[in-house]
Amino acid sequence: MPLRSWRDGGARTAITAFVDRVTQEGGPDFVEPAARVAVFDNDGTLWCEKPMPIQLDFTIQRLGELAEEDPSLRDEQPFKAAWEKDVHWLGAAMVKHYHGDDGDLHLLMGAVTRAFDAVTVEEYDARVLSFFDRASHPTLGLPYRGCAYQPMVELLEHLEEHGFTTYIASGGDRDFMRPVAGDLYGVPPERVIGSALGLTYVPEGPTTSLVYKAAMDFFDDGPEKPVRIWSRIGRRPILSVGNSNGDLPMLAFGGTAETSTLRLLLLHDDDEREFDYVAGAEQALETARQQDWTVISMKDDWAEVFAGAGP
């Protein structure tokens, strides 16, 4: 049964009806398989982002290590927050970003570049996999590998079965998502679009390395998302899924006047099974209401949230 973890209702009907329309050969909304492109945000759309994004937990562990080595960093944000395990400051930095205040985010991004300067891409990959092998969500009692949303995994599978090519387009670091995206979502690394640290090619005799440098290459959020999507894919998506104000440009970019388009916005309104919040999504929700986009209620539309976690 497709979309097993979705309850019957408006969101499930909108998805299945859209897929049926664009895959019906000879129908007025038929879309050739090559143009069936779907893009998904990651944090808060494919996996849990509260009380802070999973990548942020990974990063603050590294920042805490640096503050342990250099006590002078303990009075400097975000090293101070990492050292003191101040989850509120770290999570609030992202909410402020979605409200247009990037002051704390710039501090955080600057620290991230320092944290992984001169690390090779293979070493970073190994650190990410090690983190996912041992780390757990601080309040849900789940390993981070269990924090992917089961209904979204089913949606990705449903789309692939109907000739769609699915991509992740996230503000998160692409190289943090790539090592686990295949196992969690069935999305291979070449279809992960995200923010990126700068890279440098280092020849070392018969071997070569790519190492990160202390600078951001780009931050893939807000208006940067459509730019990165087009740069990577060369097509407008006909289905796009997000959950925050930072996803608005990506959602608006989907489709053309000649193609049927589905825009999905996930509403976090389930404080029993996950979290209930709209901070950082107010503008997106208002736009969805005005433009009749499909809003997915986690509470009402999902029979399951996390695989194996119960209804």
# chains A, B, ... in the order shown; residues from 1 in each chain; ligands from 1

call {"tool": "residues_around", "arguments": {"residues": "Pro51 (chain A)", "least_positions_apart": "4", "cutoff": "8 Å", "atoms": "only C-alpha atoms", "output": "list in words"}}
result
Val87, His88 and Gly91 of chain A

call {"tool": "write_last_selection", "arguments": {"atoms": "C-alpha atoms", "output": "mmCIF file, in the first residue's frame"}}
result
data_model
loop_
_atom_site.group_PDB
_atom_site.id
_atom_site.type_symbol
_atom_site.label_atom_id
_atom_site.label_comp_id
_atom_site.auth_asym_id
_atom_site.auth_seq_id
_atom_site.Cartn_x
_atom_site.Cartn_y
_atom_site.Cartn_z
ATOM 1 C CA VAL A 87 20.886 24.457 23.375
ATOM 2 C CA HIS A 88 18.565 27.478 23.535
ATOM 3 C CA GLY A 91 18.511 26.717 18.336
#

call {"tool": "closest_atom_pairs", "arguments": {"of": "region 149-190 of chain A", "to": "region 40-46 of chain A", "cutoff": "7 Å", "atoms": "only C-alpha atoms", "output": "CSV"}}
result
residue,atom,partner,partner_atom,distance
A:Tyr149,CA,A:Leu46,CA,5.6
A:Met152,CA,A:Leu46,CA,6.1
A:Tyr167,CA,A:Phe40,CA,6.2
A:Ile168,CA,A:Phe40,CA,4.8
A:Ala169,CA,A:Asp41,CA,5.1
A:Ser170,CA,A:Asp41,CA,4.8

call {"tool": "write_last_selection", "arguments": {"atoms": "N, CA, C and O atoms", "output": "CSV table (one decimal), in the first residue's frame"}}
result
chain,number,residue,atom,x,y,z
A,149,TYR,N,11.5,11.1,9.1
A,149,TYR,CA,10.1,10.9,9.1
A,149,TYR,C,9.6,9.8,8.2
A,149,TYR,O,9.9,9.9,7.0
A,152,MET,N,7.6,10.7,5.1
A,152,MET,CA,8.4,11.3,4.0
A,152,MET,C,9.2,10.3,3.3
A,152,MET,O,9.4,10.4,2.0
A,167,TYR,N,15.5,14.9,-5.2
A,167,TYR,CA,16.7,15.6,-4.7
A,167,TYR,C,16.4,16.1,-3.3
A,167,TYR,O,15.3,16.5,-3.0
A,168,ILE,N,17.5,16.3,-2.6
A,168,ILE,CA,17.4,17.0,-1.3
A,168,ILE,C,18.1,18.4,-1.6
A,168,ILE,O,19.2,18.5,-2.1
A,169,ALA,N,17.4,19.5,-1.2
A,169,ALA,CA,17.9,20.8,-1.3
A,169,ALA,C,17.8,21.5,0.0
A,169,ALA,O,16.7,22.0,0.4
A,170,SER,N,18.9,21.5,0.8
A,170,SER,CA,18.8,21.9,2.2
A,170,SER,C,19.8,23.0,2.5
A,170,SER,O,20.8,23.2,1.8

call {"tool": "select_by_dssp", "arguments": {"residues": "region 122-183 of chain A", "states": "helix (DSSP H, G or I)", "output": "number ranges by chain"}}
result
A: 122-134, 144-146, 150-161, 174-183

call {"tool": "atom_distance", "arguments": {"atom1": "CA of Pro78 (chain A)", "atom2": "CA of Leu107 (chain A)"}}
result
6.5 Å

call {"tool": "residues_around", "arguments": {"residues": "Leu3 (chain A)", "least_positions_apart": "2", "cutoff": "6 Å", "atoms": "only C-alpha atoms", "output": "list in words"}}
result
Ser5, Trp6 and Glu154 of chain A

call {"tool": "residues_around", "arguments": {"residues": "region 155-166 of chain A", "least_positions_apart": "2", "cutoff": "9 Å", "atoms": "only C-alpha atoms", "output": "PyMOL selection string"}}
result
chain A and resi 2-3+15+19-20+23+32-40+150-153+168+185-187+191

call {"tool": "write_last_selection", "arguments": {"atoms": "N, CA, C and O atoms", "output": "CSV table (one decimal), in the first residue's frame"}}
result
chain,number,residue,atom,x,y,z
A,2,PRO,N,0.7,2.1,-1.0
A,2,PRO,CA,1.5,3.3,-1.0
A,2,PRO,C,1.2,4.3,0.1
A,2,PRO,O,0.0,4.3,0.6
A,3,LEU,N,2.1,5.0,0.6
A,3,LEU,CA,1.9,6.0,1.7
A,3,LEU,C,1.2,5.4,2.9
A,3,LEU,O,0.2,6.0,3.4
A,15,ILE,N,-1.5,14.5,-2.9
A,15,ILE,CA,-0.3,13.8,-3.4
A,15,ILE,C,-0.6,12.8,-4.5
A,15,ILE,O,0.0,12.7,-5.6
A,19,VAL,N,0.3,12.8,-8.5
A,19,VAL,CA,1.2,11.8,-9.1
A,19,VAL,C,0.4,11.1,-10.3
A,19,VAL,O,0.9,10.8,-11.3
A,20,ASP,N,-0.9,10.8,-10.0
A,20,ASP,CA,-1.7,10.1,-11.1
A,20,ASP,C,-1.8,11.0,-12.3
A,20,ASP,O,-1.7,10.5,-13.4
A,23,THR,N,1.5,11.4,-14.4
A,23,THR,CA,2.1,10.1,-14.9
A,23,THR,C,1.1,9.4,-15.9
A,23,THR,O,1.4,8.3,-16.4
A,32,GLU,N,6.8,14.2,-18.9
A,32,GLU,CA,7.7,13.2,-19.3
A,32,GLU,C,8.6,12.8,-18.1
A,32,GLU,O,8.9,13.7,-17.2
A,33,PRO,N,9.0,11.6,-17.9
A,33,PRO,CA,9.8,11.2,-16.7
A,33,PRO,C,11.0,12.1,-16.5
A,33,PRO,O,11.3,12.4,-15.3
A,34,ALA,N,11.7,12.5,-17.5
A,34,ALA,CA,12.9,13.3,-17.3
A,34,ALA,C,12.6,14.6,-16.6
A,34,ALA,O,13.5,15.2,-16.0
A,35,ALA,N,11.4,15.1,-16.7
A,35,ALA,CA,11.0,16.4,-16.1
A,35,ALA,C,10.3,16.2,-14.8
A,35,ALA,O,9.9,17.2,-14.2
A,36,ARG,N,10.2,15.0,-14.3
A,36,ARG,CA,9.5,14.7,-13.1
A,36,ARG,C,10.5,14.9,-11.9
A,36,ARG,O,11.1,13.9,-11.4
A,37,VAL,N,10.8,16.1,-11.6
A,37,VAL,CA,11.8,16.4,-10.6
A,37,VAL,C,11.1,16.9,-9.3
A,37,VAL,O,10.2,17.7,-9.3
A,38,ALA,N,11.5,16.3,-8.2
A,38,ALA,CA,11.0,16.6,-6.9
A,38,ALA,C,12.1,17.0,-6.0
A,38,ALA,O,13.2,16.4,-6.0
A,39,VAL,N,12.0,18.1,-5.2
A,39,VAL,CA,13.0,18.6,-4.3
A,39,VAL,C,12.4,18.6,-2.9
A,39,VAL,O,11.3,19.0,-2.7
A,40,PHE,N,13.2,18.2,-1.9
A,40,PHE,CA,12.9,18.2,-0.5
A,40,PHE,C,13.9,19.0,0.3
A,40,PHE,O,15.1,18.7,0.2
A,150,GLN,N,9.0,8.8,8.8
A,150,GLN,CA,8.6,7.6,8.0
A,150,GLN,C,7.7,8.0,6.8
A,150,GLN,O,7.8,7.5,5.7
A,151,PRO,N,6.7,8.9,7.0
A,151,PRO,CA,5.8,9.3,5.9
A,151,PRO,C,6.6,9.9,4.8
A,151,PRO,O,6.2,9.8,3.6
A,152,MET,N,7.6,10.7,5.1
A,152,MET,CA,8.4,11.3,4.0
A,152,MET,C,9.2,10.3,3.3
A,152,MET,O,9.4,10.4,2.0
A,153,VAL,N,9.7,9.3,4.0
A,153,VAL,CA,10.5,8.3,3.3
A,153,VAL,C,9.6,7.5,2.3
A,153,VAL,O,9.9,7.2,1.2
A,168,ILE,N,17.5,16.3,-2.6
A,168,ILE,CA,17.4,17.0,-1.3
A,168,ILE,C,18.1,18.4,-1.6
A,168,ILE,O,19.2,18.5,-2.1
A,185,TYR,N,17.0,7.7,3.2
A,185,TYR,CA,16.0,8.2,2.3
A,185,TYR,C,16.0,7.5,0.9
A,185,TYR,O,15.1,7.7,0.1
A,186,GLY,N,17.1,6.7,0.6
A,186,GLY,CA,17.3,6.2,-0.7
A,186,GLY,C,17.7,7.2,-1.7
A,186,GLY,O,17.5,7.0,-2.9
A,187,VAL,N,18.3,8.4,-1.3
A,187,VAL,CA,18.7,9.4,-2.1
A,187,VAL,C,20.3,9.3,-2.2
A,187,VAL,O,20.9,9.5,-1.2
A,191,ARG,N,22.6,13.4,-5.6
A,191,ARG,CA,21.4,14.2,-5.6
A,191,ARG,C,21.1,14.9,-4.3
A,191,ARG,O,20.0,15.2,-3.9

call {"tool": "closest_residue", "arguments": {"among": "A:Ala93, A:Val202, A:Val22, A:Ala284", "to": "Gly222 (chain A)", "atoms": "only C-alpha atoms"}}
result
A:Ala284

call {"tool": "residues_around", "arguments": {"residues": "Met250 (chain A)", "least_positions_apart": "6", "cutoff": "12 Å", "atoms": "only C-alpha atoms", "output": "number ranges by chain"}}
result
A: 38-41, 168-171, 220-230, 236-244, 263-265, 284

call {"tool": "write_last_selection", "arguments": {"atoms": "N, CA and C atoms", "output": "mmCIF file, in the first residue's frame"}}
result
data_model
loop_
_atom_site.group_PDB
_atom_site.id
_atom_site.type_symbol
_atom_site.label_atom_id
_atom_site.label_comp_id
_atom_site.auth_asym_id
_atom_site.auth_seq_id
_atom_site.Cartn_x
_atom_site.Cartn_y
_atom_site.Cartn_z
ATOM 1 N N ALA A 38 11.530 16.257 -8.196
ATOM 2 C CA ALA A 38 10.996 16.614 -6.881
ATOM 3 C C ALA A 38 12.144 17.019 -5.972
ATOM 4 N N VAL A 39 11.960 18.097 -5.216
ATOM 5 C CA VAL A 39 12.998 18.565 -4.293
ATOM 6 C C VAL A 39 12.427 18.635 -2.882
ATOM 7 N N PHE A 40 13.239 18.224 -1.928
ATOM 8 C CA PHE A 40 12.854 18.183 -0.523
ATOM 9 C C PHE A 40 13.872 18.956 0.309
ATOM 10 N N ASP A 41 13.404 19.839 1.148
ATOM 11 C CA ASP A 41 14.251 20.352 2.221
ATOM 12 C C ASP A 41 14.561 19.186 3.155
ATOM 13 N N ILE A 168 17.478 16.275 -2.560
ATOM 14 C CA ILE A 168 17.435 17.028 -1.306
ATOM 15 C C ILE A 168 18.065 18.380 -1.564
ATOM 16 N N ALA A 169 17.369 19.451 -1.193
ATOM 17 C CA ALA A 169 17.893 20.818 -1.335
ATOM 18 C C ALA A 169 17.771 21.484 0.032
ATOM 19 N N SER A 170 18.864 21.511 0.763
ATOM 20 C CA SER A 170 18.833 21.877 2.178
ATOM 21 C C SER A 170 19.801 22.990 2.506
ATOM 22 N N GLY A 171 19.474 23.719 3.566
ATOM 23 C CA GLY A 171 20.421 24.678 4.107
ATOM 24 C C GLY A 171 21.549 24.004 4.856
ATOM 25 N N ASP A 220 23.149 27.465 1.388
ATOM 26 C CA ASP A 220 22.034 27.109 0.518
ATOM 27 C C ASP A 220 20.701 27.250 1.243
ATOM 28 N N ASP A 221 20.258 28.479 1.405
ATOM 29 C CA ASP A 221 18.970 28.714 2.051
ATOM 30 C C ASP A 221 18.332 29.946 1.435
ATOM 31 N N GLY A 222 17.008 30.086 1.614
ATOM 32 C CA GLY A 222 16.305 31.239 1.081
ATOM 33 C C GLY A 222 16.453 31.350 -0.424
ATOM 34 N N PRO A 223 16.764 32.532 -0.942
ATOM 35 C CA PRO A 223 16.862 32.723 -2.391
ATOM 36 C C PRO A 223 18.014 31.966 -3.036
ATOM 37 N N GLU A 224 18.945 31.456 -2.236
ATOM 38 C CA GLU A 224 20.037 30.667 -2.807
ATOM 39 C C GLU A 224 19.555 29.281 -3.254
ATOM 40 N N LYS A 225 18.472 28.800 -2.658
ATOM 41 C CA LYS A 225 18.016 27.441 -2.996
ATOM 42 C C LYS A 225 17.646 27.297 -4.471
ATOM 43 N N PRO A 226 16.817 28.181 -5.038
ATOM 44 C CA PRO A 226 16.535 28.032 -6.474
ATOM 45 C C PRO A 226 17.784 28.122 -7.339
ATOM 46 N N VAL A 227 18.731 28.955 -6.943
ATOM 47 C CA VAL A 227 19.978 29.083 -7.702
ATOM 48 C C VAL A 227 20.714 27.744 -7.718
ATOM 49 N N ARG A 228 20.832 27.117 -6.567
ATOM 50 C CA ARG A 228 21.552 25.848 -6.466
ATOM 51 C C ARG A 228 20.792 24.720 -7.159
ATOM 52 N N ILE A 229 19.472 24.744 -7.059
ATOM 53 C CA ILE A 229 18.666 23.724 -7.732
ATOM 54 C C ILE A 229 18.867 23.805 -9.239
ATOM 55 N N TRP A 230 18.778 25.012 -9.777
ATOM 56 C CA TRP A 230 18.959 25.167 -11.224
ATOM 57 C C TRP A 230 20.390 24.820 -11.637
ATOM 58 N N ARG A 236 13.234 23.134 -13.464
ATOM 59 C CA ARG A 236 12.401 23.511 -12.331
ATOM 60 C C ARG A 236 11.720 22.254 -11.777
ATOM 61 N N PRO A 237 11.689 22.093 -10.467
ATOM 62 C CA PRO A 237 10.968 20.940 -9.915
ATOM 63 C C PRO A 237 9.463 21.101 -10.128
ATOM 64 N N ILE A 238 8.773 19.978 -10.267
ATOM 65 C CA ILE A 238 7.310 20.047 -10.351
ATOM 66 C C ILE A 238 6.671 19.688 -9.012
ATOM 67 N N LEU A 239 7.482 19.192 -8.079
ATOM 68 C CA LEU A 239 7.005 18.936 -6.722
ATOM 69 C C LEU A 239 8.093 19.393 -5.764
ATOM 70 N N SER A 240 7.713 20.175 -4.762
ATOM 71 C CA SER A 240 8.683 20.657 -3.785
ATOM 72 C C SER A 240 8.070 20.604 -2.397
ATOM 73 N N VAL A 241 8.914 20.298 -1.412
ATOM 74 C CA VAL A 241 8.456 20.083 -0.043
ATOM 75 C C VAL A 241 9.373 20.830 0.911
ATOM 76 N N GLY A 242 8.794 21.628 1.803
ATOM 77 C CA GLY A 242 9.567 22.366 2.793
ATOM 78 C C GLY A 242 8.805 22.513 4.087
ATOM 79 N N ASN A 243 9.363 23.307 5.006
ATOM 80 C CA ASN A 243 8.686 23.492 6.288
ATOM 81 C C ASN A 243 8.925 24.862 6.920
ATOM 82 N N SER A 244 9.684 25.741 6.261
ATOM 83 C CA SER A 244 10.050 26.993 6.926
ATOM 84 C C SER A 244 10.080 28.157 5.945
ATOM 85 N N ARG A 263 3.051 21.910 -4.346
ATOM 86 C CA ARG A 263 3.905 22.475 -3.302
ATOM 87 C C ARG A 263 3.361 22.015 -1.954
ATOM 88 N N LEU A 264 4.238 21.414 -1.151
ATOM 89 C CA LEU A 264 3.844 20.847 0.132
ATOM 90 C C LEU A 264 4.616 21.537 1.255
ATOM 91 N N LEU A 265 3.909 21.916 2.305
ATOM 92 C CA LEU A 265 4.533 22.557 3.464
ATOM 93 C C LEU A 265 4.169 21.759 4.710
ATOM 94 N N ALA A 284 5.836 31.368 5.609
ATOM 95 C CA ALA A 284 5.558 30.235 4.721
ATOM 96 C C ALA A 284 4.116 29.769 4.868
#

call {"tool": "select_by_dssp", "arguments": {"residues": "region 58-166 of chain A", "states": "strand (DSSP E or B)", "output": "PyMOL selection string"}}
result
chain A and resi 120+136+143+148-149+165-166

call {"tool": "residues_around", "arguments": {"residues": "Leu210 (chain A)", "least_positions_apart": "3", "cutoff": "7 Å", "atoms": "only C-alpha atoms", "output": "list in words"}}
result
Thr120, Val121, Leu199, Thr200, Tyr201 and Val202 of chain A

call {"tool": "write_last_selection", "arguments": {"atoms": "C-alpha atoms", "output": "mmCIF file, in the first residue's frame"}}
result
data_model
loop_
_atom_site.group_PDB
_atom_site.id
_atom_site.type_symbol
_atom_site.label_atom_id
_atom_site.label_comp_id
_atom_site.auth_asym_id
_atom_site.auth_seq_id
_atom_site.Cartn_x
_atom_site.Cartn_y
_atom_site.Cartn_z
ATOM 1 C CA THR A 120 39.977 15.899 4.356
ATOM 2 C CA VAL A 121 36.641 15.000 2.775
ATOM 3 C CA LEU A 199 37.496 22.953 -0.646
ATOM 4 C CA THR A 200 41.127 22.915 -1.700
ATOM 5 C CA TYR A 201 42.866 20.355 -3.891
ATOM 6 C CA VAL A 202 46.130 19.141 -2.347
#

call {"tool": "residues_around", "arguments": {"residues": "Phe132 (chain A)", "least_positions_apart": "2", "cutoff": "12 Å", "atoms": "only C-alpha atoms", "output": "number ranges by chain"}}
result
A: 54-55, 57-58, 125-130, 134-137, 142-147, 176-177, 179-181, 183-184

call {"tool": "write_last_selection", "arguments": {"atoms": "N, CA and C atoms", "output": "PDB file, in the first residue's frame"}}
result
ATOM      1  N   ILE A  54      20.165  18.415  13.608  1.00  0.00           N
ATOM      2  CA  ILE A  54      21.081  17.322  13.936  1.00  0.00           C
ATOM      3  C   ILE A  54      22.523  17.708  13.622  1.00  0.00           C
ATOM      4  N   GLN A  55      22.730  18.384  12.501  1.00  0.00           N
ATOM      5  CA  GLN A  55      24.096  18.785  12.159  1.00  0.00           C
ATOM      6  C   GLN A  55      24.673  19.725  13.211  1.00  0.00           C
ATOM      7  N   ASP A  57      24.137  19.636  16.408  1.00  0.00           N
ATOM      8  CA  ASP A  57      24.622  18.811  17.513  1.00  0.00           C
ATOM      9  C   ASP A  57      25.999  18.248  17.182  1.00  0.00           C
ATOM     10  N   PHE A  58      26.157  17.755  15.946  1.00  0.00           N
ATOM     11  CA  PHE A  58      27.456  17.256  15.492  1.00  0.00           C
ATOM     12  C   PHE A  58      28.530  18.343  15.578  1.00  0.00           C
ATOM     13  N   ASP A 125      33.741  12.601   6.272  1.00  0.00           N
ATOM     14  CA  ASP A 125      32.754  11.552   6.022  1.00  0.00           C
ATOM     15  C   ASP A 125      32.769  10.528   7.154  1.00  0.00           C
ATOM     16  N   ALA A 126      33.963  10.113   7.564  1.00  0.00           N
ATOM     17  CA  ALA A 126      34.093   9.125   8.637  1.00  0.00           C
ATOM     18  C   ALA A 126      33.589   9.690   9.965  1.00  0.00           C
ATOM     19  N   ARG A 127      33.836  10.976  10.231  1.00  0.00           N
ATOM     20  CA  ARG A 127      33.350  11.595  11.461  1.00  0.00           C
ATOM     21  C   ARG A 127      31.822  11.626  11.488  1.00  0.00           C
ATOM     22  N   VAL A 128      31.220  11.932  10.348  1.00  0.00           N
ATOM     23  CA  VAL A 128      29.753  11.968  10.273  1.00  0.00           C
ATOM     24  C   VAL A 128      29.174  10.587  10.557  1.00  0.00           C
ATOM     25  N   LEU A 129      29.729   9.559   9.921  1.00  0.00           N
ATOM     26  CA  LEU A 129      29.216   8.203  10.126  1.00  0.00           C
ATOM     27  C   LEU A 129      29.405   7.759  11.574  1.00  0.00           C
ATOM     28  N   SER A 130      30.525   8.101  12.179  1.00  0.00           N
ATOM     29  CA  SER A 130      30.762   7.769  13.580  1.00  0.00           C
ATOM     30  C   SER A 130      29.749   8.462  14.483  1.00  0.00           C
ATOM     31  N   ARG A 134      26.625   6.613  17.030  1.00  0.00           N
ATOM     32  CA  ARG A 134      26.609   6.665  18.490  1.00  0.00           C
ATOM     33  C   ARG A 134      25.663   7.695  19.084  1.00  0.00           C
ATOM     34  N   ALA A 135      25.248   8.705  18.308  1.00  0.00           N
ATOM     35  CA  ALA A 135      24.511   9.826  18.894  1.00  0.00           C
ATOM     36  C   ALA A 135      23.010   9.586  18.865  1.00  0.00           C
ATOM     37  N   SER A 136      22.322  10.147  19.858  1.00  0.00           N
ATOM     38  CA  SER A 136      20.873  10.017  19.984  1.00  0.00           C
ATOM     39  C   SER A 136      20.238  11.381  20.162  1.00  0.00           C
ATOM     40  N   HIS A 137      18.951  11.458  19.835  1.00  0.00           N
ATOM     41  CA  HIS A 137      18.200  12.697  20.028  1.00  0.00           C
ATOM     42  C   HIS A 137      18.089  12.997  21.518  1.00  0.00           C
ATOM     43  N   LEU A 142      15.357   8.496  20.678  1.00  0.00           N
ATOM     44  CA  LEU A 142      15.631   7.779  19.437  1.00  0.00           C
ATOM     45  C   LEU A 142      17.065   8.031  19.006  1.00  0.00           C
ATOM     46  N   PRO A 143      17.713   7.026  18.402  1.00  0.00           N
ATOM     47  CA  PRO A 143      18.987   7.326  17.753  1.00  0.00           C
ATOM     48  C   PRO A 143      18.734   8.292  16.608  1.00  0.00           C
ATOM     49  N   TYR A 144      19.714   9.096  16.270  1.00  0.00           N
ATOM     50  CA  TYR A 144      19.508  10.056  15.179  1.00  0.00           C
ATOM     51  C   TYR A 144      19.148   9.360  13.874  1.00  0.00           C
ATOM     52  N   ARG A 145      19.642   8.146  13.669  1.00  0.00           N
ATOM     53  CA  ARG A 145      19.262   7.408  12.460  1.00  0.00           C
ATOM     54  C   ARG A 145      17.764   7.083  12.456  1.00  0.00           C
ATOM     55  N   GLY A 146      17.128   7.144  13.605  1.00  0.00           N
ATOM     56  CA  GLY A 146      15.693   6.878  13.687  1.00  0.00           C
ATOM     57  C   GLY A 146      14.843   8.124  13.661  1.00  0.00           C
ATOM     58  N   CYS A 147      15.461   9.282  13.399  1.00  0.00           N
ATOM     59  CA  CYS A 147      14.729  10.555  13.433  1.00  0.00           C
ATOM     60  C   CYS A 147      14.257  11.015  12.061  1.00  0.00           C
ATOM     61  N   PHE A 176      27.496  16.661   5.157  1.00  0.00           N
ATOM     62  CA  PHE A 176      26.969  16.036   6.370  1.00  0.00           C
ATOM     63  C   PHE A 176      25.829  15.092   6.031  1.00  0.00           C
ATOM     64  N   MET A 177      25.035  15.445   5.028  1.00  0.00           N
ATOM     65  CA  MET A 177      23.882  14.615   4.652  1.00  0.00           C
ATOM     66  C   MET A 177      24.274  13.436   3.774  1.00  0.00           C
ATOM     67  N   PRO A 179      26.661  11.104   3.569  1.00  0.00           N
ATOM     68  CA  PRO A 179      27.002   9.761   4.050  1.00  0.00           C
ATOM     69  C   PRO A 179      25.804   8.944   4.521  1.00  0.00           C
ATOM     70  N   VAL A 180      24.689   9.609   4.882  1.00  0.00           N
ATOM     71  CA  VAL A 180      23.548   8.880   5.455  1.00  0.00           C
ATOM     72  C   VAL A 180      22.283   8.971   4.610  1.00  0.00           C
ATOM     73  N   ALA A 181      22.254   9.850   3.612  1.00  0.00           N
ATOM     74  CA  ALA A 181      21.032  10.061   2.838  1.00  0.00           C
ATOM     75  C   ALA A 181      20.591   8.813   2.088  1.00  0.00           C
ATOM     76  N   ASP A 183      21.016   5.560   3.020  1.00  0.00           N
ATOM     77  CA  ASP A 183      20.402   4.616   3.951  1.00  0.00           C
ATOM     78  C   ASP A 183      19.071   5.133   4.489  1.00  0.00           C
ATOM     79  N   LEU A 184      18.995   6.423   4.799  1.00  0.00           N
ATOM     80  CA  LEU A 184      17.790   6.963   5.413  1.00  0.00           C
ATOM     81  C   LEU A 184      16.667   7.196   4.411  1.00  0.00           C
TER      82      LEU A 184
END
